[in-house]
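Structure file my_file31.txt; described as compact mmCIF, N, CA and C atoms.
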# COMPACT_ATOMS: atom_id res chain seq x y z
N MET A 1 86.12 88.39 98.94
CA MET A 1 87.52 88.51 98.59
C MET A 1 87.71 88.02 97.15
N ILE A 2 88.52 88.75 96.43
CA ILE A 2 88.83 88.45 95.03
C ILE A 2 90.31 88.06 94.97
N THR A 3 90.67 87.15 94.08
CA THR A 3 92.08 86.82 93.90
C THR A 3 92.45 86.92 92.43
N ARG A 4 93.72 87.14 92.20
CA ARG A 4 94.25 87.14 90.83
C ARG A 4 95.69 86.66 90.90
N ASP A 5 96.17 86.11 89.77
CA ASP A 5 97.57 85.70 89.69
C ASP A 5 98.48 86.92 89.76
N LEU A 6 99.66 86.73 90.32
CA LEU A 6 100.66 87.79 90.29
C LEU A 6 101.14 87.97 88.86
N THR A 7 101.43 89.20 88.49
CA THR A 7 102.02 89.47 87.20
C THR A 7 103.50 89.10 87.24
N LYS A 8 104.14 89.04 86.09
CA LYS A 8 105.58 88.72 86.06
C LYS A 8 106.37 89.74 86.87
N GLN A 9 106.03 91.02 86.74
CA GLN A 9 106.74 92.05 87.51
C GLN A 9 106.49 91.89 89.01
N GLU A 10 105.28 91.53 89.39
CA GLU A 10 104.98 91.32 90.81
C GLU A 10 105.77 90.14 91.36
N ILE A 11 105.97 89.10 90.55
CA ILE A 11 106.77 87.95 90.98
C ILE A 11 108.22 88.37 91.20
N ILE A 12 108.75 89.18 90.31
CA ILE A 12 110.12 89.69 90.48
C ILE A 12 110.23 90.51 91.76
N ASN A 13 109.25 91.38 92.00
CA ASN A 13 109.25 92.20 93.22
C ASN A 13 109.09 91.33 94.46
N TYR A 14 108.25 90.31 94.36
CA TYR A 14 108.00 89.40 95.48
C TYR A 14 109.29 88.68 95.86
N LYS A 15 110.01 88.20 94.87
CA LYS A 15 111.29 87.53 95.13
C LYS A 15 112.24 88.46 95.86
N SER A 16 112.33 89.69 95.40
CA SER A 16 113.19 90.68 96.05
C SER A 16 112.75 90.94 97.49
N ASP A 17 111.44 91.09 97.69
CA ASP A 17 110.90 91.31 99.04
C ASP A 17 111.23 90.15 99.97
N LEU A 18 111.04 88.92 99.48
CA LEU A 18 111.31 87.75 100.31
C LEU A 18 112.79 87.66 100.68
N ILE A 19 113.66 87.95 99.73
CA ILE A 19 115.09 87.92 100.02
C ILE A 19 115.42 88.94 101.10
N GLN A 20 114.87 90.15 100.98
CA GLN A 20 115.10 91.18 101.99
C GLN A 20 114.55 90.77 103.35
N GLU A 21 113.34 90.23 103.37
CA GLU A 21 112.68 89.89 104.62
C GLU A 21 113.34 88.74 105.37
N TYR A 22 113.85 87.76 104.64
CA TYR A 22 114.34 86.54 105.29
C TYR A 22 115.85 86.41 105.35
N SER A 23 116.58 87.28 104.67
CA SER A 23 118.04 87.13 104.67
C SER A 23 118.64 87.30 106.05
N PHE A 24 118.03 88.14 106.91
CA PHE A 24 118.58 88.33 108.25
C PHE A 24 118.64 87.02 109.03
N GLU A 25 117.68 86.11 108.77
CA GLU A 25 117.70 84.83 109.47
C GLU A 25 118.93 84.02 109.10
N LEU A 26 119.27 84.01 107.81
CA LEU A 26 120.46 83.28 107.38
C LEU A 26 121.74 83.98 107.82
N ILE A 27 121.73 85.31 107.81
CA ILE A 27 122.89 86.06 108.29
C ILE A 27 123.14 85.76 109.76
N ASN A 28 122.07 85.69 110.55
CA ASN A 28 122.19 85.34 111.98
C ASN A 28 122.69 83.92 112.17
N ALA A 29 122.47 83.07 111.16
CA ALA A 29 122.94 81.68 111.22
C ALA A 29 124.36 81.54 110.69
N GLY A 30 124.98 82.67 110.30
CA GLY A 30 126.37 82.62 109.89
C GLY A 30 126.65 82.84 108.42
N TYR A 31 125.61 83.01 107.61
CA TYR A 31 125.82 83.28 106.18
C TYR A 31 126.29 84.72 105.99
N SER A 32 127.07 84.96 104.95
CA SER A 32 127.35 86.34 104.56
C SER A 32 126.09 86.90 103.91
N LYS A 33 126.03 88.22 103.79
CA LYS A 33 124.86 88.85 103.17
C LYS A 33 124.68 88.34 101.73
N GLU A 34 125.78 88.21 101.00
CA GLU A 34 125.73 87.75 99.62
C GLU A 34 125.28 86.29 99.53
N ASP A 35 125.83 85.43 100.42
CA ASP A 35 125.45 84.02 100.40
C ASP A 35 124.00 83.83 100.81
N ALA A 36 123.52 84.64 101.76
CA ALA A 36 122.12 84.56 102.18
C ALA A 36 121.21 84.91 101.01
N ALA A 37 121.53 85.99 100.31
CA ALA A 37 120.70 86.41 99.18
C ALA A 37 120.72 85.35 98.08
N LYS A 38 121.88 84.77 97.81
CA LYS A 38 121.97 83.73 96.78
C LYS A 38 121.16 82.50 97.17
N GLN A 39 121.29 82.06 98.43
CA GLN A 39 120.56 80.88 98.90
C GLN A 39 119.05 81.10 98.78
N LEU A 40 118.59 82.25 99.24
CA LEU A 40 117.15 82.54 99.18
C LEU A 40 116.67 82.67 97.74
N GLY A 41 117.47 83.28 96.89
CA GLY A 41 117.10 83.38 95.48
C GLY A 41 117.02 82.02 94.83
N ASP A 42 118.00 81.15 95.14
CA ASP A 42 117.97 79.78 94.61
C ASP A 42 116.76 79.01 95.11
N ASP A 43 116.44 79.16 96.40
CA ASP A 43 115.26 78.49 96.98
C ASP A 43 113.99 78.95 96.27
N PHE A 44 113.87 80.26 96.08
CA PHE A 44 112.70 80.81 95.39
C PHE A 44 112.57 80.21 93.99
N ASP A 45 113.69 80.20 93.26
CA ASP A 45 113.67 79.68 91.89
C ASP A 45 113.30 78.20 91.85
N ARG A 46 113.69 77.44 92.85
CA ARG A 46 113.35 76.02 92.91
C ARG A 46 111.87 75.84 93.26
N LEU A 47 111.40 76.60 94.25
CA LEU A 47 110.02 76.44 94.71
C LEU A 47 109.00 76.94 93.69
N ILE A 48 109.36 77.96 92.93
CA ILE A 48 108.39 78.52 91.97
C ILE A 48 108.08 77.52 90.85
N LYS A 49 108.93 76.52 90.68
CA LYS A 49 108.70 75.51 89.64
C LYS A 49 107.68 74.45 90.07
N LEU A 50 107.35 74.41 91.37
CA LEU A 50 106.38 73.43 91.85
C LEU A 50 104.97 73.83 91.40
N PRO A 51 104.09 72.83 91.18
CA PRO A 51 102.71 73.17 90.84
C PRO A 51 102.07 73.92 92.01
N GLY A 52 101.44 75.00 91.72
CA GLY A 52 100.79 75.79 92.77
C GLY A 52 100.38 77.14 92.25
N LYS A 53 100.20 78.05 93.17
CA LYS A 53 99.70 79.38 92.81
C LYS A 53 100.38 80.44 93.66
N MET A 54 100.62 81.58 93.01
CA MET A 54 101.00 82.81 93.69
C MET A 54 99.88 83.79 93.37
N LEU A 55 99.17 84.22 94.38
CA LEU A 55 97.99 85.04 94.16
C LEU A 55 98.04 86.33 94.96
N VAL A 56 97.43 87.35 94.41
CA VAL A 56 97.17 88.60 95.13
C VAL A 56 95.72 88.53 95.58
N ALA A 57 95.47 88.87 96.84
CA ALA A 57 94.11 88.94 97.35
C ALA A 57 93.67 90.40 97.34
N GLN A 58 92.42 90.61 96.95
CA GLN A 58 91.89 91.96 96.90
C GLN A 58 90.58 92.03 97.68
N ASP A 59 90.31 93.20 98.24
CA ASP A 59 89.02 93.38 98.90
C ASP A 59 87.95 93.64 97.85
N GLU A 60 86.75 93.88 98.32
CA GLU A 60 85.61 94.04 97.41
C GLU A 60 85.76 95.26 96.50
N SER A 61 86.60 96.22 96.90
CA SER A 61 86.82 97.43 96.09
C SER A 61 87.98 97.28 95.11
N GLY A 62 88.64 96.11 95.13
CA GLY A 62 89.75 95.88 94.22
C GLY A 62 91.10 96.32 94.75
N ASN A 63 91.17 96.67 96.05
CA ASN A 63 92.44 97.05 96.66
C ASN A 63 93.22 95.79 97.03
N ASP A 64 94.51 95.77 96.72
CA ASP A 64 95.35 94.64 97.11
C ASP A 64 95.49 94.61 98.62
N ILE A 65 95.11 93.47 99.24
CA ILE A 65 95.19 93.36 100.69
C ILE A 65 96.29 92.41 101.15
N GLY A 66 96.79 91.58 100.24
CA GLY A 66 97.83 90.64 100.62
C GLY A 66 98.15 89.70 99.48
N ARG A 67 99.00 88.75 99.79
CA ARG A 67 99.35 87.75 98.78
C ARG A 67 99.56 86.41 99.45
N MET A 68 99.44 85.38 98.63
CA MET A 68 99.62 84.02 99.15
C MET A 68 100.32 83.18 98.11
N TRP A 69 101.06 82.21 98.61
CA TRP A 69 101.81 81.31 97.75
C TRP A 69 101.66 79.93 98.33
N PHE A 70 101.13 79.04 97.54
CA PHE A 70 100.96 77.66 97.99
C PHE A 70 101.23 76.71 96.84
N CYS A 71 101.58 75.49 97.18
CA CYS A 71 101.86 74.49 96.15
C CYS A 71 101.20 73.18 96.53
N VAL A 72 101.10 72.31 95.54
CA VAL A 72 100.53 70.98 95.73
C VAL A 72 101.57 69.97 95.26
N ARG A 73 101.81 68.93 96.08
CA ARG A 73 102.80 67.91 95.73
C ARG A 73 102.29 66.54 96.11
N GLU A 74 102.82 65.56 95.42
CA GLU A 74 102.61 64.17 95.80
C GLU A 74 103.68 63.82 96.83
N LEU A 75 103.25 63.31 97.96
CA LEU A 75 104.18 62.94 99.01
C LEU A 75 103.67 61.67 99.68
N MET A 76 104.47 60.63 99.63
CA MET A 76 104.11 59.33 100.22
C MET A 76 102.77 58.83 99.70
N GLY A 77 102.56 59.02 98.39
CA GLY A 77 101.35 58.51 97.76
C GLY A 77 100.12 59.36 97.95
N GLU A 78 100.25 60.51 98.58
CA GLU A 78 99.10 61.39 98.81
C GLU A 78 99.35 62.75 98.19
N THR A 79 98.30 63.38 97.71
CA THR A 79 98.39 64.75 97.24
C THR A 79 98.26 65.67 98.45
N MET A 80 99.27 66.51 98.63
CA MET A 80 99.28 67.38 99.81
C MET A 80 99.51 68.82 99.38
N GLY A 81 98.87 69.74 100.07
CA GLY A 81 99.07 71.16 99.84
C GLY A 81 100.03 71.72 100.86
N PHE A 82 100.86 72.65 100.42
CA PHE A 82 101.82 73.30 101.29
C PHE A 82 101.68 74.81 101.15
N VAL A 83 101.50 75.49 102.26
CA VAL A 83 101.46 76.95 102.26
C VAL A 83 102.88 77.44 102.41
N LEU A 84 103.37 78.14 101.41
CA LEU A 84 104.72 78.68 101.45
C LEU A 84 104.74 80.05 102.11
N GLU A 85 103.72 80.85 101.87
CA GLU A 85 103.62 82.15 102.55
C GLU A 85 102.22 82.70 102.40
N VAL A 86 101.78 83.35 103.46
CA VAL A 86 100.56 84.16 103.44
C VAL A 86 100.95 85.49 104.05
N GLN A 87 100.66 86.56 103.34
CA GLN A 87 101.01 87.88 103.85
C GLN A 87 99.82 88.81 103.67
N VAL A 88 99.43 89.45 104.76
CA VAL A 88 98.43 90.51 104.71
C VAL A 88 99.19 91.82 104.84
N PHE A 89 98.96 92.73 103.89
CA PHE A 89 99.66 94.00 103.92
C PHE A 89 99.29 94.78 105.18
N GLU A 90 100.25 95.52 105.69
CA GLU A 90 100.15 96.13 107.02
C GLU A 90 98.85 96.90 107.28
N SER A 91 98.42 97.70 106.34
CA SER A 91 97.22 98.52 106.59
C SER A 91 95.93 97.70 106.64
N TYR A 92 96.00 96.41 106.29
CA TYR A 92 94.82 95.54 106.31
C TYR A 92 94.86 94.52 107.44
N ARG A 93 95.90 94.55 108.24
CA ARG A 93 96.02 93.57 109.33
C ARG A 93 95.01 93.86 110.43
N GLY A 94 94.64 92.79 111.15
CA GLY A 94 93.71 92.92 112.26
C GLY A 94 92.25 93.01 111.83
N LYS A 95 91.97 92.69 110.58
CA LYS A 95 90.60 92.79 110.06
C LYS A 95 90.05 91.45 109.59
N GLY A 96 90.75 90.36 109.93
CA GLY A 96 90.27 89.03 109.58
C GLY A 96 90.69 88.54 108.21
N TYR A 97 91.49 89.30 107.49
CA TYR A 97 91.89 88.88 106.15
C TYR A 97 92.82 87.67 106.16
N GLY A 98 93.66 87.56 107.16
CA GLY A 98 94.55 86.40 107.25
C GLY A 98 93.76 85.10 107.32
N ARG A 99 92.73 85.09 108.15
CA ARG A 99 91.86 83.90 108.25
C ARG A 99 91.17 83.63 106.91
N LYS A 100 90.73 84.69 106.24
CA LYS A 100 90.07 84.50 104.94
C LYS A 100 91.04 83.91 103.92
N LEU A 101 92.29 84.37 103.95
CA LEU A 101 93.27 83.84 103.00
C LEU A 101 93.53 82.36 103.28
N MET A 102 93.66 82.00 104.55
CA MET A 102 93.89 80.60 104.88
C MET A 102 92.70 79.73 104.51
N ARG A 103 91.49 80.21 104.74
CA ARG A 103 90.29 79.46 104.33
C ARG A 103 90.25 79.28 102.82
N PHE A 104 90.64 80.32 102.09
CA PHE A 104 90.68 80.22 100.64
C PHE A 104 91.64 79.11 100.21
N ILE A 105 92.82 79.07 100.80
CA ILE A 105 93.80 78.05 100.45
C ILE A 105 93.28 76.65 100.79
N GLU A 106 92.61 76.53 101.93
CA GLU A 106 92.10 75.22 102.35
C GLU A 106 90.98 74.71 101.45
N SER A 107 90.28 75.61 100.77
CA SER A 107 89.14 75.17 99.95
C SER A 107 89.53 74.61 98.61
Before we go any further, please render this structure as structure tokens.
Amino acid sequence: MITRDLTKQEIINYKSDLIQEYSFELINAGYSKEDAAKQLGDDFDRLIKLPGKMLVAQDESGNDIGRMWFCVRELMGETMGFVLEVQVFESYRGKGYGRKLMRFIES
């Protein structure tokens, strides 16, 4: 598996995708569609400032198979890693890539 940083345009698209994917949860909790999108956008903007990585994972042929976002923070005197999201694109699911992405983050 190969990884690379997301490009600026991919980060913009990723933010849009995340807002679309998760806004229904906030709407179900009583937020308006506009407030849900604003809250998620604000959360994204806050989290992206944390030290960490947003990466695209590729198979051996260079095809994008998924993406991952993780950060590292000091918490209670310890350095801790936090997985914010791991996504395997639909056509690559069920092939063990999710486990590979998690192992990559753990290493």
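CA of Ile65 (chain A) is found 15.4 Å from CA of Ile105 (chain A).
Closest approach to Ser91 (chain A) from the set A:Gly66, A:Gly52, A:Gly41, A:Gly30 is made by A:Gly66, with distances taken over only C-alpha atoms.
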Checklist entry - If you run DSSP on the backbone, which residues of chain A are helix (DSSP H, G or I), as a ChimeraX atom specification? => result /A:8-28,33-47,90-92,97-106
Checklist outcome for this item: One residue among A:Asp35, A:Phe82, A:Gly62, A:Val56 is nearest to Leu101 (chain A) when using only C-alpha atoms, and that residue is A:Val56
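Rounded to one decimal, CA of Val86 (chain A) and CA of Arg67 (chain A) lie 6.0 Å from each other.
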Checklist entry - In Å, with one decimal, what is the gap from atom C of Ile12 (chain A) to atom N of Met54 (chain A)? => result 13.2 Å
List as CSV every residue of region 36-77 of chain A that is in contact with region 17-29 of chain A, defined as an atom at most 10 Å from one of its atoms (using only C-alpha atoms), together with the nearest atom pair and the distance in Å rounded to one decimal, sorted by chain and then rising number.
residue,atom,partner,partner_atom,distance
A:Ala36,CA,A:Ser23,CA,5.4
A:Ala37,CA,A:Ile19,CA,5.9
A:Lys38,CA,A:Ile19,CA,8.7
A:Gln39,CA,A:Leu26,CA,8.8
A:Leu40,CA,A:Ile19,CA,5.8
A:Gly41,CA,A:Ile19,CA,6.7
A:Asp43,CA,A:Ile19,CA,9.9
A:Phe44,CA,A:Leu18,CA,8.6
Item to check | Members of chain A assigned strand (DSSP E or B) by DSSP, as a PyMOL selection string | outcome: chain A and resi 2-5+52-58+64-75+78-88
Once 5 Å is added on each side, what centre and edge lengths in Å to one decimal does the axis-aligned box around all listed atoms of region 85-98 of chain A have, as lines of an AutoDock Vina configuration file?
center_x = 96.9
center_y = 89.7
center_z = 107.1
size_x = 23.7
size_y = 27.7
size_z = 20.4
